[in-house]
Each structure stands twice: as structure tokens, then as C-alpha cells.
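S.K.: mmCIF, C-alpha atoms (C1' of nucleotides), file entry_6.cif:
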```cif
data_input
#
loop_
_atom_site.label_atom_id
_atom_site.label_comp_id
_atom_site.auth_asym_id
_atom_site.auth_seq_id
_atom_site.Cartn_x
_atom_site.Cartn_y
_atom_site.Cartn_z
CA MET A 21 -8.85 238.79 298.17
CA HIS A 22 -12.55 238.68 298.93
CA PRO A 23 -14.22 242.10 298.53
CA LEU A 24 -16.09 241.68 301.82
CA PHE A 25 -12.83 240.90 303.63
CA HIS A 26 -11.32 244.04 302.21
CA TYR A 27 -14.41 246.04 303.11
CA ILE A 28 -14.60 244.85 306.71
CA ASN A 29 -10.95 245.59 307.33
CA GLN A 30 -11.47 249.15 306.18
CA TYR A 31 -13.75 249.66 309.15
CA THR A 32 -12.04 247.76 311.93
CA SER A 33 -8.99 248.81 313.89
CA SER A 34 -7.26 245.44 313.61
CA ILE A 35 -7.33 243.05 310.68
CA ILE A 36 -9.69 240.12 311.10
CA PRO A 37 -8.02 236.69 311.20
CA LYS A 38 -8.66 234.70 308.03
CA GLU A 39 -10.25 231.95 310.14
CA ASP A 40 -12.79 234.32 311.61
CA PHE A 41 -13.58 235.73 308.22
CA LYS A 42 -14.37 232.27 306.92
CA VAL A 43 -16.90 231.73 309.68
CA LEU A 44 -18.32 235.17 309.06
CA LEU A 45 -18.71 234.54 305.38
CA ARG A 46 -20.76 231.42 306.05
CA HIS A 47 -23.54 233.68 307.30
CA PHE A 48 -23.78 235.35 303.92
CA ILE A 49 -25.65 233.98 300.94
CA LEU A 50 -24.24 234.82 297.54
CA LYS A 51 -26.90 235.81 295.06
CA LYS A 52 -26.75 236.97 291.48
CA ILE A 53 -29.43 239.35 290.38
CA ARG A 54 -30.01 240.06 286.73
CA LYS A 55 -30.74 243.55 285.51
CA LYS A 56 -34.38 244.59 286.14
CA GLN A 57 -34.94 241.78 288.63
CA TYR A 58 -36.07 242.51 292.15
CA LEU A 59 -34.04 242.17 295.30
CA LEU A 60 -37.14 243.25 297.23
CA GLN A 61 -40.69 243.87 296.11
CA GLU A 62 -43.37 246.03 297.68
CA GLY A 63 -45.42 243.94 300.09
CA GLU A 64 -42.63 241.47 300.82
CA ILE A 65 -40.79 241.31 304.10
CA CYS A 66 -37.15 242.31 303.85
CA LYS A 67 -35.51 239.22 305.30
CA TYR A 68 -31.99 240.11 304.21
CA PHE A 69 -29.77 243.08 303.85
CA ALA A 70 -27.55 242.92 300.81
CA PHE A 71 -23.90 243.83 300.60
CA ILE A 72 -23.21 244.73 297.00
CA VAL A 73 -20.16 243.03 295.58
CA LYS A 74 -20.84 244.10 292.02
CA GLY A 75 -23.50 246.07 290.21
CA ALA A 76 -25.96 248.88 290.81
CA LEU A 77 -29.46 248.92 292.30
CA ARG A 78 -32.16 251.42 293.19
CA GLN A 79 -34.81 251.61 295.88
CA TYR A 80 -38.11 253.25 294.95
CA TYR A 81 -41.83 253.32 295.57
CA ILE A 82 -44.82 253.82 293.32
CA ASP A 83 -46.79 256.97 294.08
CA GLU A 84 -50.56 257.59 293.75
CA LYS A 85 -50.13 258.48 290.10
CA GLY A 86 -48.22 255.30 289.37
CA MET A 87 -44.88 257.05 289.06
CA GLU A 88 -41.63 255.52 290.29
CA ARG A 89 -40.05 257.65 293.00
CA VAL A 90 -36.43 256.79 293.70
CA ILE A 91 -35.29 256.90 297.32
CA ASN A 92 -31.84 255.39 297.19
CA LEU A 93 -29.19 254.36 294.74
CA TYR A 94 -26.60 251.71 295.51
CA VAL A 95 -23.34 250.58 293.96
CA GLU A 96 -20.41 248.38 295.00
CA ASN A 97 -19.66 248.25 298.74
CA TRP A 98 -23.03 249.70 299.71
CA TRP A 99 -25.78 247.99 301.64
CA ALA A 100 -29.27 247.67 300.19
CA GLY A 101 -32.45 246.89 302.09
CA ASP A 102 -35.52 248.34 303.77
CA HIS A 103 -34.62 249.16 307.38
CA GLU A 104 -38.22 249.34 308.52
CA SER A 105 -39.32 246.00 307.12
CA PHE A 106 -36.07 244.34 308.16
CA VAL A 107 -36.43 245.34 311.80
CA SER A 108 -40.21 245.34 312.22
CA LEU A 109 -40.93 242.41 309.91
CA THR A 110 -43.69 244.43 308.26
CA PRO A 111 -44.40 244.34 304.51
CA SER A 112 -42.12 246.74 302.71
CA ALA A 113 -43.46 249.84 300.99
CA TYR A 114 -40.50 249.84 298.65
CA ASN A 115 -39.05 248.02 295.70
CA ILE A 116 -35.37 247.39 295.20
CA ASP A 117 -34.32 246.26 291.76
CA ALA A 118 -31.11 245.77 289.85
CA TRP A 119 -30.19 248.47 287.39
CA GLU A 120 -27.23 246.38 286.26
CA ASP A 121 -26.46 242.68 286.66
CA CYS A 122 -25.45 242.31 290.30
CA GLU A 123 -23.69 240.08 292.73
CA VAL A 124 -24.76 240.55 296.33
CA LEU A 125 -24.14 238.91 299.69
CA LEU A 126 -27.31 238.47 301.72
CA ILE A 127 -27.37 238.39 305.49
CA SER A 128 -30.30 237.96 307.86
CA ARG A 129 -30.96 240.00 310.99
CA GLU A 130 -30.40 236.92 313.14
CA SER A 131 -26.98 236.46 311.62
CA ILE A 132 -26.09 240.09 312.18
CA LEU A 133 -27.12 239.87 315.83
CA LYS A 134 -25.23 236.63 316.26
CA LEU A 135 -22.07 237.92 314.63
CA CYS A 136 -22.23 241.15 316.63
CA ASP A 137 -22.45 239.04 319.73
CA GLU A 138 -19.61 236.69 318.84
CA TYR A 139 -17.18 238.96 317.04
CA PRO A 140 -16.36 242.32 318.59
CA ALA A 141 -14.82 243.31 315.28
CA PHE A 142 -18.13 242.71 313.52
CA ASN A 143 -19.98 244.65 316.21
CA GLN A 144 -17.51 247.47 315.67
CA LEU A 145 -18.11 247.31 311.94
CA ILE A 146 -21.88 247.59 312.33
CA PHE A 147 -21.39 250.45 314.77
CA LYS A 148 -19.20 252.39 312.36
CA LEU A 149 -21.47 251.70 309.42
CA GLY A 150 -24.30 253.11 311.47
CA GLU A 151 -22.32 256.26 312.14
CA ARG A 152 -21.52 256.72 308.46
CA HIS A 153 -25.10 256.11 307.54
CA ASN A 154 -26.27 258.69 310.05
CA ILE A 155 -23.96 261.30 308.62
CA ALA A 156 -25.15 260.64 305.09
CA THR A 157 -28.84 260.69 305.98
CA GLN A 158 -28.48 263.86 308.03
CA LYS A 159 -27.14 265.59 304.94
CA ARG A 160 -29.92 264.19 302.83
CA ILE A 161 -32.51 265.48 305.29
CA ALA A 162 -30.90 268.92 305.28
CA SER A 163 -31.40 268.90 301.50
CA ILE A 164 -35.17 268.86 301.91
CA ASN A 165 -35.05 272.65 301.95
CA TYR A 166 -32.81 272.95 298.90
CA THR A 167 -33.74 274.21 295.44
CA ALA A 168 -33.35 271.94 292.44
CA GLU A 169 -30.11 273.68 291.55
CA LYS A 170 -28.55 273.28 294.99
CA ARG A 171 -29.60 269.65 295.16
CA TYR A 172 -27.82 268.95 291.94
CA LYS A 173 -24.77 270.88 293.07
CA CYS A 174 -24.52 268.80 296.24
CA PHE A 175 -25.08 265.65 294.24
CA VAL A 176 -22.19 266.42 291.92
CA GLU A 177 -19.93 267.23 294.87
CA ASN A 178 -20.74 264.08 296.83
CA PHE A 179 -22.13 261.44 294.51
CA SER A 180 -20.98 262.22 291.02
CA PHE A 181 -19.96 258.58 290.60
CA PHE A 182 -23.66 257.70 290.41
CA ALA A 183 -23.87 259.73 287.22
CA ASN A 184 -21.90 257.06 285.34
CA ARG A 185 -24.15 254.30 286.52
CA PHE A 186 -27.68 255.67 286.29
CA PRO A 187 -29.42 257.74 283.60
CA GLN A 188 -30.44 261.29 284.25
CA HIS A 189 -34.11 260.66 284.89
CA ILE A 190 -33.25 258.24 287.70
CA ILE A 191 -30.88 260.76 289.26
CA ALA A 192 -33.62 263.39 288.97
CA SER A 193 -36.10 261.24 290.85
CA TYR A 194 -33.46 260.46 293.47
CA LEU A 195 -33.03 264.21 293.97
CA GLY A 196 -36.78 264.69 294.24
CA ILE A 197 -37.17 266.66 291.01
CA THR A 198 -38.44 265.82 287.53
CA LYS A 199 -36.17 264.87 284.67
CA ASP A 200 -37.25 268.04 282.85
CA THR A 201 -36.17 270.26 285.73
CA LEU A 202 -32.86 268.42 286.05
CA SER A 203 -32.26 268.82 282.33
CA ARG A 204 -32.79 272.59 282.69
CA VAL A 205 -30.52 272.82 285.72
CA ILE A 206 -27.71 270.95 284.01
CA LYS A 207 -27.94 273.15 280.95
CA LYS A 208 -26.79 276.11 283.03
CA MET B 8 -37.30 256.42 339.06
CA HIS B 9 -34.70 258.09 336.87
CA PRO B 10 -36.05 258.86 333.37
CA LEU B 11 -32.89 257.48 331.74
CA PHE B 12 -33.22 254.24 333.69
CA HIS B 13 -36.77 253.90 332.49
CA TYR B 14 -35.73 254.74 328.93
CA ILE B 15 -32.87 252.25 328.78
CA ASN B 16 -35.03 249.44 330.07
CA GLN B 17 -37.52 250.06 327.31
CA TYR B 18 -34.87 249.03 324.84
CA THR B 19 -33.12 246.13 326.52
CA SER B 20 -34.38 242.62 326.90
CA SER B 21 -33.47 242.33 330.59
CA ILE B 22 -33.66 245.06 333.21
CA ILE B 23 -30.31 246.65 334.05
CA PRO B 24 -29.12 246.13 337.64
CA LYS B 25 -29.35 249.33 339.70
CA GLU B 26 -25.61 249.10 340.37
CA ASP B 27 -24.78 249.10 336.69
CA PHE B 28 -27.09 251.98 336.06
CA LYS B 29 -25.31 254.04 338.68
CA VAL B 30 -21.99 253.51 336.91
CA LEU B 31 -23.61 254.26 333.59
CA LEU B 32 -25.10 257.48 334.88
CA ARG B 33 -21.68 258.71 335.97
CA HIS B 34 -20.77 259.03 332.30
CA PHE B 35 -23.56 261.54 331.77
CA ILE B 36 -23.37 265.22 332.61
CA LEU B 37 -26.58 266.87 333.66
CA LYS B 38 -27.08 270.25 332.05
CA LYS B 39 -29.87 272.78 332.21
CA ILE B 40 -30.40 274.85 329.14
CA ARG B 41 -32.57 277.93 329.25
CA LYS B 42 -34.93 278.74 326.44
CA LYS B 43 -33.15 280.29 323.42
CA GLN B 44 -29.73 279.15 324.62
CA TYR B 45 -27.57 276.95 322.45
CA LEU B 46 -26.74 273.33 323.00
CA LEU B 47 -24.54 273.54 319.89
CA GLN B 48 -23.55 276.45 317.70
CA GLU B 49 -22.46 276.49 314.09
CA GLY B 50 -18.68 276.18 313.92
CA GLU B 51 -18.37 274.34 317.22
CA ILE B 52 -17.46 270.70 317.49
CA CYS B 53 -20.25 268.53 318.82
CA LYS B 54 -18.48 266.92 321.75
CA TYR B 55 -21.62 265.50 323.33
CA PHE B 56 -24.88 263.94 322.36
CA ALA B 57 -27.74 265.00 324.58
CA PHE B 58 -30.47 262.81 325.97
CA ILE B 59 -33.42 265.06 326.63
CA VAL B 60 -34.94 264.59 330.06
CA LYS B 61 -37.19 267.60 329.82
CA GLY B 62 -37.90 270.30 327.28
CA ALA B 63 -37.86 270.85 323.53
CA LEU B 64 -35.08 271.80 321.12
CA ARG B 65 -34.56 272.32 317.42
CA GLN B 66 -31.67 271.79 315.03
CA TYR B 67 -31.33 274.26 312.17
CA TYR B 68 -28.92 276.02 309.86
CA ILE B 69 -28.81 279.50 308.38
CA ASP B 70 -29.17 279.56 304.59
CA GLU B 71 -27.61 282.01 302.08
CA LYS B 72 -30.44 284.45 302.64
CA GLY B 73 -30.00 284.38 306.40
CA MET B 74 -33.14 282.31 306.97
CA GLU B 75 -33.34 279.64 309.66
CA ARG B 76 -33.97 276.21 308.15
CA VAL B 77 -35.12 273.64 310.67
CA ILE B 78 -33.77 270.11 310.24
CA ASN B 79 -34.87 268.36 313.41
CA LEU B 80 -37.14 268.84 316.37
CA TYR B 81 -36.56 267.11 319.68
CA VAL B 82 -38.59 266.52 322.83
CA GLU B 83 -38.33 264.31 325.91
CA ASN B 84 -36.57 260.96 325.41
CA TRP B 85 -35.00 262.00 322.13
CA TRP B 86 -31.32 262.45 321.38
CA ALA B 87 -29.98 265.73 320.07
CA GLY B 88 -26.64 266.32 318.37
CA ASP B 89 -24.84 266.61 315.05
CA HIS B 90 -23.81 263.13 313.93
CA GLU B 91 -21.24 264.37 311.46
CA SER B 92 -19.40 266.68 313.83
CA PHE B 93 -19.65 264.17 316.67
CA VAL B 94 -17.99 261.40 314.70
CA SER B 95 -15.61 263.34 312.46
CA LEU B 96 -14.74 266.07 314.97
CA THR B 97 -15.34 268.69 312.29
CA PRO B 98 -17.00 272.05 312.98
CA SER B 99 -20.75 271.70 312.87
CA ALA B 100 -22.83 273.35 310.17
CA TYR B 101 -25.83 273.37 312.45
CA ASN B 102 -27.21 275.09 315.50
CA ILE B 103 -29.18 273.36 318.20
CA ASP B 104 -31.04 275.60 320.59
CA ALA B 105 -33.64 275.22 323.31
CA TRP B 106 -37.17 276.13 322.40
CA GLU B 107 -38.20 275.58 326.00
CA ASP B 108 -36.19 275.41 329.21
CA CYS B 109 -34.49 272.01 329.07
CA GLU B 110 -32.76 269.42 331.15
CA VAL B 111 -30.41 267.19 329.21
CA LEU B 112 -27.87 264.47 329.92
CA LEU B 113 -24.68 264.87 327.94
CA ILE B 114 -22.47 261.97 326.95
CA SER B 115 -19.22 261.97 324.99
CA ARG B 116 -18.30 259.61 322.17
CA GLU B 117 -15.55 258.09 324.29
CA SER B 118 -18.07 257.28 327.00
CA ILE B 119 -20.44 255.73 324.52
CA LEU B 120 -17.66 253.53 323.13
CA LYS B 121 -16.52 252.58 326.61
CA LEU B 122 -20.02 251.74 327.82
CA CYS B 123 -20.74 249.74 324.68
CA ASP B 124 -17.61 247.80 325.35
CA GLU B 125 -18.29 247.15 329.03
CA TYR B 126 -22.05 246.73 329.11
CA PRO B 127 -23.65 244.47 326.52
CA ALA B 128 -26.98 245.96 327.53
CA PHE B 129 -25.75 249.42 326.60
CA ASN B 130 -24.36 248.13 323.33
CA GLN B 131 -27.75 246.59 322.65
CA LEU B 132 -29.41 249.89 323.46
CA ILE B 133 -27.26 251.82 321.02
CA PHE B 134 -27.89 249.15 318.40
CA LYS B 135 -31.64 249.38 318.76
CA LEU B 136 -31.62 253.15 318.83
CA GLY B 137 -29.72 253.05 315.59
CA GLU B 138 -32.35 250.81 314.05
CA ARG B 139 -35.15 253.12 315.15
CA HIS B 140 -33.28 256.10 313.86
CA ASN B 141 -32.77 254.43 310.50
CA ILE B 142 -36.45 253.72 310.16
CA ALA B 143 -37.37 257.30 310.96
CA THR B 144 -34.81 258.82 308.61
CA GLN B 145 -35.75 256.47 305.77
CA LYS B 146 -39.31 257.79 306.01
CA ARG B 147 -38.07 261.32 306.11
CA ILE B 148 -36.01 260.77 302.99
CA ALA B 149 -39.00 259.25 301.21
CA SER B 150 -40.84 262.49 301.96
CA ILE B 151 -38.45 264.47 299.76
CA ASN B 152 -40.77 263.72 296.86
CA TYR B 153 -43.94 264.71 298.69
CA THR B 154 -46.12 267.76 298.09
CA ALA B 155 -46.67 270.24 300.92
CA GLU B 156 -50.05 268.68 301.62
CA LYS B 157 -48.76 265.14 301.88
CA ARG B 158 -45.87 266.23 304.07
CA TYR B 159 -48.28 267.78 306.49
CA LYS B 160 -50.53 264.74 306.41
CA CYS B 161 -47.62 262.45 307.31
CA PHE B 162 -46.54 264.87 309.98
CA VAL B 163 -49.95 264.80 311.64
CA GLU B 164 -50.02 260.99 311.48
CA ASN B 165 -46.57 260.48 312.95
CA PHE B 166 -45.51 263.56 314.86
CA SER B 167 -48.61 265.47 315.84
CA PHE B 168 -47.22 265.78 319.38
CA PHE B 169 -44.71 268.32 318.04
CA ALA B 170 -47.62 270.60 317.21
CA ASN B 171 -48.19 271.30 320.92
CA ARG B 172 -44.56 272.18 321.48
CA PHE B 173 -43.56 274.29 318.48
CA PRO B 174 -45.32 277.10 316.62
CA GLN B 175 -46.54 276.60 313.10
CA HIS B 176 -43.73 278.44 311.33
CA ILE B 177 -41.17 276.14 312.95
CA ILE B 178 -43.15 273.07 311.89
CA ALA B 179 -43.34 274.52 308.38
CA SER B 180 -39.58 274.92 308.16
CA TYR B 181 -39.12 271.38 309.54
CA LEU B 182 -41.36 270.13 306.72
CA GLY B 183 -39.38 272.10 304.15
CA ILE B 184 -42.17 274.54 303.27
CA THR B 185 -42.92 278.16 304.17
CA LYS B 186 -45.25 279.18 306.97
CA ASP B 187 -47.57 280.71 304.37
CA THR B 188 -47.88 277.45 302.47
CA LEU B 189 -48.46 275.50 305.66
CA SER B 190 -51.15 277.95 306.71
CA ARG B 191 -52.92 277.38 303.39
CA VAL B 192 -52.61 273.61 303.63
CA ILE B 193 -54.04 273.53 307.16
CA LYS B 194 -56.99 275.69 306.13
CA LYS B 195 -58.21 272.88 303.89
"C1'" DA C 19 -28.46 245.99 259.81
"C1'" DT C 20 -32.80 247.15 261.39
"C1'" DA C 21 -36.48 248.03 264.40
"C1'" DA C 22 -37.78 248.96 268.95
"C1'" DA C 23 -37.02 250.75 273.33
"C1'" DT C 24 -34.84 254.07 276.15
"C1'" DA C 25 -33.01 258.72 276.97
"C1'" DA C 26 -32.29 263.65 276.74
"C1'" DT C 27 -33.94 268.12 275.35
"C1'" DA C 28 -37.11 271.83 274.19
"C1'" DG C 29 -41.10 274.74 274.40
"C1'" DA C 30 -45.80 275.93 275.85
"C1'" DC C 31 -48.54 276.00 279.52
"C1'" DA C 32 -50.45 274.76 284.33
"C1'" DT C 33 -49.79 274.30 289.08
"C1'" DT C 34 -47.50 274.71 293.23
"C1'" DT C 35 -44.98 277.14 296.25
"C1'" DG C 36 -42.47 281.26 297.63
"C1'" DT C 37 -42.27 286.33 298.53
"C1'" DC C 38 -43.97 290.41 300.30
"C1'" DT C 39 -47.05 293.37 302.68
"C1'" DA C 40 -50.65 294.11 305.76
"C1'" DC C 41 -53.51 293.23 309.63
"C1'" DG C 42 -55.37 291.25 313.78
"C1'" DT C 43 -54.44 288.13 317.60
"C1'" DT C 44 -51.82 286.10 321.11
"C1'" DT C 45 -47.94 285.81 324.01
"C1'" DT C 46 -44.12 287.76 326.48
"C1'" DA C 47 -41.47 291.12 328.99
"C1'" DT C 48 -41.29 294.99 331.93
"C1'" DA D 4 -51.33 297.24 332.88
"C1'" DT D 5 -48.91 298.33 328.95
"C1'" DA D 6 -45.88 298.02 325.20
"C1'" DA D 7 -43.33 295.09 322.42
"C1'" DA D 8 -42.53 290.94 320.23
"C1'" DA D 9 -44.06 286.82 318.17
"C1'" DC D 10 -47.51 284.46 315.62
"C1'" DG D 11 -51.12 283.13 312.15
"C1'" DT D 12 -53.78 284.43 308.20
"C1'" DA D 13 -54.84 286.68 303.90
"C1'" DG D 14 -54.30 288.37 299.25
"C1'" DA D 15 -51.62 289.86 295.23
"C1'" DC D 16 -48.04 288.73 292.65
"C1'" DA D 17 -43.55 286.31 291.26
"C1'" DA D 18 -40.70 282.42 290.71
"C1'" DA D 19 -39.83 277.65 290.59
"C1'" DT D 20 -41.14 273.39 289.25
"C1'" DG D 21 -44.29 270.06 287.11
"C1'" DT D 22 -46.95 268.39 283.04
"C1'" DC D 23 -47.43 267.33 278.45
"C1'" DT D 24 -46.19 266.80 273.71
"C1'" DA D 25 -42.93 266.56 270.19
"C1'" DT D 26 -38.38 265.66 268.35
"C1'" DT D 27 -33.95 263.76 268.06
"C1'" DA D 28 -30.21 260.96 269.72
"C1'" DT D 29 -28.64 256.88 271.77
"C1'" DT D 30 -28.79 252.25 273.24
"C1'" DT D 31 -30.56 247.59 273.05
"C1'" DA D 32 -32.49 243.45 271.12
"C1'" DT D 33 -33.20 240.53 267.29
#
```
Since I need it in another form, could you write the structure as C-alpha cells?

M.R.:
Amino acid sequence: MHPLFHYINQYTSSIIPKEDFKVLLRHFILKKIRKKQYLLQEGEICKYFAFIVKGALRQYYIDEKGMERVINLYVENWWAGDHESFVSLTPSAYNIDAWEDCEVLLISRESILKLCDEYPAFNQLIFKLGERHNIATQKRIASINYTAEKRYKCFVENFSFFANRFPQHIIASYLGITKDTLSRVIKK
Amino acid sequence: MHPLFHYINQYTSSIIPKEDFKVLLRHFILKKIRKKQYLLQEGEICKYFAFIVKGALRQYYIDEKGMERVINLYVENWWAGDHESFVSLTPSAYNIDAWEDCEVLLISRESILKLCDEYPAFNQLIFKLGERHNIATQKRIASINYTAEKRYKCFVENFSFFANRFPQHIIASYLGITKDTLSRVIKK
DNA sequence: ATAAATAATAGACATTTGTCTACGTTTTAT
DNA sequence: ATAAAACGTAGACAAATGTCTATTATTTAT
């Protein structure tokens, strides 16, 4: 069974007919991305959002000192892209690259709008994804006040599966702390 | 003209018929909230999202040391509520209270779903609001790595209008720094 | 198998930010 | 009008985190 089919049915009340799914799938472009290659580069316009079938990616920007600052990590069944660039068609401030060899399904904004319009089930899916995303980001924003230790604690509780996919210094950056601080925190 | 009517038409491609708006409006409950009163209290379930017609509110939680930690600030034309509690029907971890006397329009999740279903324009509205919200939160998440100074700089660039509505120590907490640090940063 | 690149840890030190107390000002309530 | 509460600033000090360098372990490429 197609992973996207499985994924969509997790979020819709009734199972999508196979026929409909076939039409849906035609709006997606399958792309393989090798480790270290970019899905999106700073300055580009994010024309597609990517549903991750296989692999792991990270979103980051380069700060004034030339350091990589990780904003998001993604694994299977997550969506990767720059919301701002995607909607506003402005050059992205972020890079998204593959941390492992990946397989992703790309979809354009036009296709999303079209599918939302034509398939209530797809509209419902996008709606629910939005809700889930809101919940996750609200938690992340609450963490702005946290100490390094509490950030790591929350990370382990909610996202420990990232730990198997990304090295510690990437996790540290994702949490907004240095690798040295994370190393100290973990030691305790 | 009703502020909600004006607001909705900002986000939809074609102006909503007055008739439709009247039906729409029936799903909202007008509520006045006096300064310092709660729209939502920790432990309660967030049954409604609030569209703010007039006034200013803040969302915060109480940390281990009993300190108020501000997560969000809201003014006219913003939506206030706890996404997680609203969707999952779990007790909220947050408080939302009025910083000024407010007038808000409450709407339940059922009403939102119903209106999305019945009025494509409303569905479109919710879709676009989601997009805007995603853009804003993505920026906020990127700020996790920022220094106190850079956080304040971004705040002034994007949300300086909050400065007229909330005192400095509330802004500081919203930025994830202490009032003392903010005071120092501003001095420069 | 070997060399090179990548990761994790440790310690010394610097910097940033938080904590606490005090004081003067402004706002609010009565 | 007056007292009380809330607010902003300041300085001294403490704590948390960042920076840098070195060292070792682990992984990757050839």
C-alpha cells in the first residue's frame, strides 16, 4: 500500500476511494534526494511542500557568524517546506537539506488549493494537519522560556525518535543550545 | 459595518453576501471581558476561540517558581485560544486574561467545522488564517536561537504596536527574557 | 586496512542573562 | 487628594550558557 494513501486515511473519517487516490497522487512529484543535497536553498522560492516517504531532513539558516542554526527536523510522514516563501512567493531565508538519502513527494500550492476544492477529504486532511501543526508549534513557542535542561527533557518526552536519526550537535541546535551545553545536560 | 464582516472580507476573494454574514454571525457569541478577568484558565477546556473586536489579552502559564511566562499577546483582529485544548478537549496548561477591557466573539469548534462545510468562503478564510499563522509561528520558532538584543530588534520591526498596549515587563516575558535584561537592551 | 572526516566530551575561561534589592516615577483606586 | 500598587531603571552579584582548544572515539570514504 502506498505510504501516502495510508497517511491520508489516518486523518480522514472515511477511507478515500482508490480511484480518487490515484487522481490525487498525480498532483505529487516523486523526488529522490541524496544525503547532503538541498530540497530548498536560501534565496530560492519554495515552490513545493514535500511529504517525506523515506529519510530525514533538517531546516536551518546561517547566522551572522556563519553558524548553522537548525529550526526543524523532519522524518517519515512529516511535511517539509518554508511556509512563508511557499505562500508569499518570497525568497526563502532557510535551507532544507537531506540528512539521509530521501524519497519525497512534492506538491505545489496550486495543487493543494485545487485538491482542497475538489476533494472534501483532502480539504479535511489539510485542516487536520493544520490543527496538529498548531499544537506542536504552540508547545515549541512555550519552550522559548525554558532552560537547556527543560528543553532537553521535553525533547526526550516528545521527540526522542529524532535522537536515532540526527547527531547530538544537530539536536542541540534544534533546541537552541550549543552542543557543549547539551553534552553537559545529558551527562546529568 | 461590523468589524468581523470587514475582517472576513479582507481574507476572501469575493465579498460575502450580507445574508450569509448574518447566518455566520449567529454562530458567534459576543462576550465582554473586563480587565484582569479570564477568557481561559489553566485546567479548563478551551471550548471557544475568540475573535477580538476590541481590547488586548495575553496568554501565559505559571512556571515551577510561580512566575508568569507570557506566550502570546493579542489585540484587535487577532484570535485567542489554546489550540491544543480546543482540538484535543484536554485541560489547558495556559491562562488567557484581559489586559484591557475587551469585546470578543466566541466560536466553538463545531461551528467552525459546520461553517467551513457550508460556506466555501469561510473555509477559505480559515485556510488563509492558518497560512498566516504558520508564517508567524515559523518566525517565532526561528527566534529561539536569538540573543536578547536580536529578539527585541525583531519585535520592534514586526510587533512594535504591542509596545503601546502592554508594559515592558510583559513584552520581556513574551520575548523570553527578564524585564531587567530588556531594560538594559533598550537603553542601548 | 588506512586515512580522513565527523562526533562527543572535557576543562578553562568569557559573556550573557538572571536574581535580588533599592529607589524614583507613574498609574490606579478610593 | 492621598495612599497604594504597578512600573522602569540601576547596580552588585550569581548562575547559566557560550566559546575555544584539545583529546579521544566513531564513522565514512578510498

S.K.: List the spatial neighbours of stretch 24-33 of chain D as number ranges by chain - criterion: any atom at most 12 Å away, only C-alpha atoms (C1' of nucleotides), same-chain residues fewer than 2 positions off excluded.

M.R.: A: 187; C: 19-31; D: 22

S.K.: Hey, list the chain B side of the contact with chain C: 9 Å cut-off, only C-alpha atoms (C1' of nucleotides), answer as a tab-separated table (two decimals) with C-alpha atoms, keeping the file's coordinate frame.

M.R.:
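Output file part.tsv follows:
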```tsv
chain	number	residue	atom	x	y	z
B	154	THR	CA	-46.12	267.76	298.09
B	155	ALA	CA	-46.67	270.24	300.92
B	184	ILE	CA	-42.17	274.54	303.27
B	185	THR	CA	-42.92	278.16	304.17
B	187	ASP	CA	-47.57	280.71	304.37
B	188	THR	CA	-47.88	277.45	302.47
```

S.K.: Enumerate as an MDAnalysis selection string the residues belonging to chain A that approach chain B to within 6 Å, with all atoms listed in the file taken into account.

M.R.: chainID A and resid 91 103:104 155 162 164:165 196

S.K.: Interatomic distance between atom CA of B:Gly62 and atom CA of B:Ile178?

M.R.: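 Spanning atom CA of B:Gly62 to atom CA of B:Ile178 is a straight-line distance of 16.5 Å.
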
S.K.: Check what the PyMOL selection byres ((chain D) within 10 of (chain A)) selects in the file above and give those residues as a PyMOL selection string.

M.R.: chain D and resi 19-22

S.K.: How far is it from atom CA of A:Leu50 to atom CA of A:Phe181, in Å with one decimal?

M.R.: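 Computing it gives 25.1 Å between the two atoms.
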
S.K.: Starting from the shown file, work through the PyMOL selection byres ((chain A and resi 172) around 10) and note down what comes out as a ChimeraX atom specification.

M.R.: /A:166-171,173-180,191-192,195,197,202,205-206
